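Colleague: My structure is below; once you've seen it, I'll send some questions.
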Amino acid sequence: MYQLTTHACFDSAHFLSGYEGKCSNIHGHRWKLEVTVQNETLEQTGQMRGMLVDFGQLKDDIKKIADEFDHSFIIEEGTLKEKTVEALREEEFRMIFVHFRPTAENFAKYFYDRVKENGYDVKLVKVYETPNNMAAYGE
């Protein structure tokens, strides 16, 4: 099985609603999204001959997904009072609402699905919250 791995990073803030500990407070991370794609065969013809996928295209696609979250406040839907959301909107904060608790584990599955939707055979997605803490998802 041939595999390629690339990564992209983004900075954002989040909090874990209902969590008893420091992560219940708004805090930020330099998230690292690492994606491994795979295939049993390589391209046989044309400029892609001998390649699994074009590394440049893979890197661009992963960066595009990561950039959607860069410098944003990621919020689980329904966890903030509407008054708070309105105040943040008035201040023109960039908020992204997700339908899941914004943990590294849930992001790993979310990004796995997003990359797969782009047509890649995804083996594994790793999401690092810090250089030492990572969650992974693969099927």
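Lettering and numbering for the structure tokens are positional, with chains as A, B, ... in the shown order, residues counted from 1 in each chain, and ligands counted from 1 in the shown order.
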Report as CSV the residues of range 36-64 of chain A within 7 Å of range 111-135 of chain A, each with its shortest atom pair and distance in Å (one decimal), using only C-alpha atoms, ordered by chain and increasing residue number.

Modeller:
residue,atom,partner,partner_atom,distance
A:Thr36,CA,A:Leu124,CA,5.2
A:Val37,CA,A:Val122,CA,4.3
A:Gln38,CA,A:Asp121,CA,5.6
A:Asn39,CA,A:Asp121,CA,6.7

Colleague: Need to verify the contact set: Gly18 in chain A, 10 Å, only C-alpha atoms, exclusion of same-chain residues closer than 5 positions in sequence. Can you return it as an mmCIF file with N, CA, C and O atoms, in the first residue's frame?

Modeller:
data_model
loop_
_atom_site.group_PDB
_atom_site.id
_atom_site.type_symbol
_atom_site.label_atom_id
_atom_site.label_comp_id
_atom_site.auth_asym_id
_atom_site.auth_seq_id
_atom_site.Cartn_x
_atom_site.Cartn_y
_atom_site.Cartn_z
ATOM 1 N N CYS A 23 -10.253 23.407 30.395
ATOM 2 C CA CYS A 23 -10.732 23.488 29.003
ATOM 3 C C CYS A 23 -12.167 23.997 28.883
ATOM 4 O O CYS A 23 -12.661 24.203 27.771
ATOM 5 N N SER A 24 -12.837 24.222 30.005
ATOM 6 C CA SER A 24 -14.167 24.829 29.947
ATOM 7 C C SER A 24 -14.060 26.326 29.664
ATOM 8 O O SER A 24 -15.044 26.963 29.307
ATOM 9 N N THR A 79 -24.195 26.088 22.712
ATOM 10 C CA THR A 79 -23.510 26.133 24.006
ATOM 11 C C THR A 79 -23.340 27.547 24.568
ATOM 12 O O THR A 79 -22.973 27.690 25.733
ATOM 13 N N ARG A 101 -18.879 18.611 19.789
ATOM 14 C CA ARG A 101 -17.995 19.192 20.804
ATOM 15 C C ARG A 101 -16.604 19.314 20.180
ATOM 16 O O ARG A 101 -16.068 18.323 19.667
#

Colleague: Provide the CA of Asp11 in chain A to CA of Ile62 in chain A distance in Å, to one decimal place.

Modeller: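 Result for CA of Asp11 in chain A versus CA of Ile62 in chain A: 14.8 Å, one decimal.
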
Colleague: Contacts of Phe10 in chain A at 10 Å or less, counting only C-alpha atoms, minus same-chain residues fewer than 5 places along, as number ranges by chain?

Modeller: A: 29-33, 63, 65-72

Colleague: Can you work out which one of A:Tyr137, A:Phe93, A:Phe15, A:Phe55 has the shortest atom-to-atom distance to Gly28 in chain A, counting only C-alpha atoms?

Modeller: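 Counting only C-alpha atoms, the residue closest to Gly28 in chain A is A:Phe15.
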
Colleague: Run DSSP on the backbone of this structure and report the residues of range 50-113 of chain A it assigns to strand (DSSP E), as a list in words.

Modeller: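 Secondary structure check on range 50-113 of chain A, strand (DSSP E): Ser72, Phe73, Ile74, Ile75, Glu76, Met95, Ile96, Phe97 and Val98 of chain A.
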